$ cat upload_17.txt   # compact mmCIF, C-alpha atoms and all ligand atoms
# COMPACT_ATOMS: atom_id res chain seq x y z
CA MET A 184 35.02 4.95 39.88
CA LYS A 185 34.25 7.58 37.30
CA PRO A 186 31.55 10.08 38.36
CA PRO A 187 28.41 9.95 36.23
CA LEU A 188 27.96 12.49 33.45
CA LEU A 189 25.00 14.58 34.59
CA CYS A 190 22.61 16.34 32.26
CA MET A 191 23.25 20.09 32.07
CA GLY A 192 19.68 20.83 31.00
CA ASP A 193 17.24 23.16 32.69
CA GLY A 194 15.00 20.55 34.29
CA ALA A 195 11.24 20.77 34.80
CA ASN A 196 11.24 23.99 36.85
CA GLY A 197 14.47 25.51 35.64
CA SER A 198 16.21 24.13 38.69
CA GLY A 199 18.47 21.81 36.71
CA CYS A 200 17.95 18.30 35.42
CA TYR A 201 21.11 16.49 36.61
CA ARG A 202 19.89 13.17 35.20
CA PRO A 203 22.81 10.77 34.69
CA THR A 204 23.37 10.55 30.94
CA ASP A 205 25.84 7.68 30.70
CA HIS A 206 23.28 4.91 31.21
CA GLY A 207 20.37 6.27 29.18
CA PRO A 208 19.99 5.96 25.43
CA ALA A 209 22.37 8.14 23.41
CA LEU A 210 20.59 10.18 20.77
CA MET A 211 22.72 11.58 17.95
CA VAL A 212 21.93 14.68 15.95
CA SER A 213 24.08 16.54 13.43
CA ASP A 214 26.86 18.79 14.71
CA GLU A 215 24.92 21.80 13.48
CA HIS A 216 21.83 20.83 15.45
CA TRP A 217 23.88 19.98 18.51
CA ARG A 218 25.56 23.37 18.51
CA ALA A 219 22.09 24.98 18.60
CA ILE A 220 21.23 23.28 21.91
CA ALA A 221 24.60 22.56 23.52
CA PRO A 222 24.74 23.74 27.14
CA LEU A 223 28.33 24.98 26.88
CA PRO A 224 30.11 27.11 24.27
CA GLU A 225 31.45 25.44 21.14
CA GLY A 226 29.21 22.41 21.45
CA GLY A 227 30.33 21.39 24.92
CA GLY A 228 28.37 19.69 27.67
CA VAL A 229 25.88 16.85 27.89
CA LEU A 230 22.08 16.70 27.76
CA CYS A 231 19.63 13.88 28.37
CA VAL A 232 17.14 13.04 25.61
CA SER A 233 14.31 14.92 27.37
CA CYS A 234 16.34 18.10 27.70
CA MET A 235 17.48 17.84 24.07
CA HIS A 236 13.81 17.70 23.09
CA ASP A 237 12.88 20.64 25.32
CA ARG A 238 15.65 22.83 23.94
CA PHE A 239 14.73 22.15 20.31
CA VAL A 240 11.07 22.92 21.07
CA ALA A 241 12.00 26.12 22.92
CA LEU A 242 14.03 27.23 19.90
CA GLY A 243 11.03 26.71 17.63
CA PHE A 244 12.20 23.66 15.71
CA ALA A 245 9.12 22.23 13.97
CA GLU A 246 7.78 18.71 14.51
CA GLY A 247 10.01 16.22 12.72
CA SER A 248 12.59 18.81 11.67
CA VAL A 249 15.62 17.42 13.51
CA PRO A 250 17.03 14.19 12.04
CA ALA A 251 18.26 12.00 14.87
CA ARG A 252 18.90 8.42 15.80
CA PHE A 253 19.55 6.44 18.92
CA VAL A 254 23.02 4.92 18.95
CA SER A 255 22.69 2.87 22.12
CA GLY A 256 19.97 0.94 23.90
CA PRO A 257 16.98 -0.95 22.48
CA PHE A 258 16.02 1.85 20.09
CA ALA A 259 19.45 1.98 18.46
CA ALA A 260 19.29 2.09 14.69
CA ALA A 261 21.54 -0.19 12.70
CA GLU A 262 21.95 2.20 9.80
CA ALA A 263 23.42 5.67 9.58
CA PRO A 264 20.94 8.50 10.09
CA PRO A 265 19.75 10.57 7.15
CA THR A 266 21.31 13.65 8.72
CA ARG A 267 23.94 14.41 6.14
CA ARG A 268 24.34 13.99 2.45
CA GLN A 269 27.53 12.62 1.03
CA THR A 270 29.11 15.45 -0.93
CA ASN A 271 32.32 13.76 -1.98
CA GLY A 272 31.48 12.06 -5.21
ZN ZN A 301 18.10 16.51 31.24
$ encode --input "upload_17.txt" --output "C-alpha cells" --more "lines below"
Ligand SMILES: [Zn+2]
Amino acid sequence: MKPPLLCMGDGANGSGCYRPTDHGPALMVSDEHWRAIAPLPEGGGVLCVSCMHDRFVALGFAEGSVPARFVSGPFAAAEAPPTRRQTNG
C-alpha cells in the first residue's frame, strides 16, 4: 500500500502539519502562485488547503488575490479557473 502524502506545511505551532493530502480536496492555483508557497525548491512538495492558505496570508497576498479552484471533492468546479489568459490567438 502506498504511504499517504503528508502535508509539508508548518502546522498550528510550527511543529509540522503532516495532514494526509491524498484524501482531502485538491485546490489548484497557477504555477506562479504555487512556486511562491511550495515547501520544496522548484515547486516541489505537497500542502493541505489550510497550509496553502496560511502561506499566502503570511506572504501578504491580499483577500481574493489568488485565483484557485477545487479539482476534487464536492467543491470541485466544472469549468477551468480564471487563472490564466489564453495568449495564443
Ligand atoms: Zn497542512
$ residues_near_point --input "upload_17.txt" --point "(18.9, 19.9, 32.6)" --cutoff "12 Å" --atoms "all atoms listed in the file" --output "PyMOL selection string"
chain A and resi 188-204+220-222+228-238
$ closest_residue --input "upload_17.txt" --among "A:His216, A:Ala259, A:Gly207, A:Glu225" --to "ligand ZN 301 (chain A)" --atoms "all atoms listed in the file"
A:Gly207
$ atom_distance --input "upload_17.txt" --atom1 "CA of Pro186 in chain A" --atom2 "CA of Ala260 in chain A"
27.8 Å
$ atom_distance --input "upload_17.txt" --atom1 "CA of Glu215 in chain A" --atom2 "CA of Lys185 in chain A"
29.3 Å
$ atom_distance --input "upload_17.txt" --atom1 "CA of Ala219 in chain A" --atom2 "CA of Pro257 in chain A"
26.7 Å
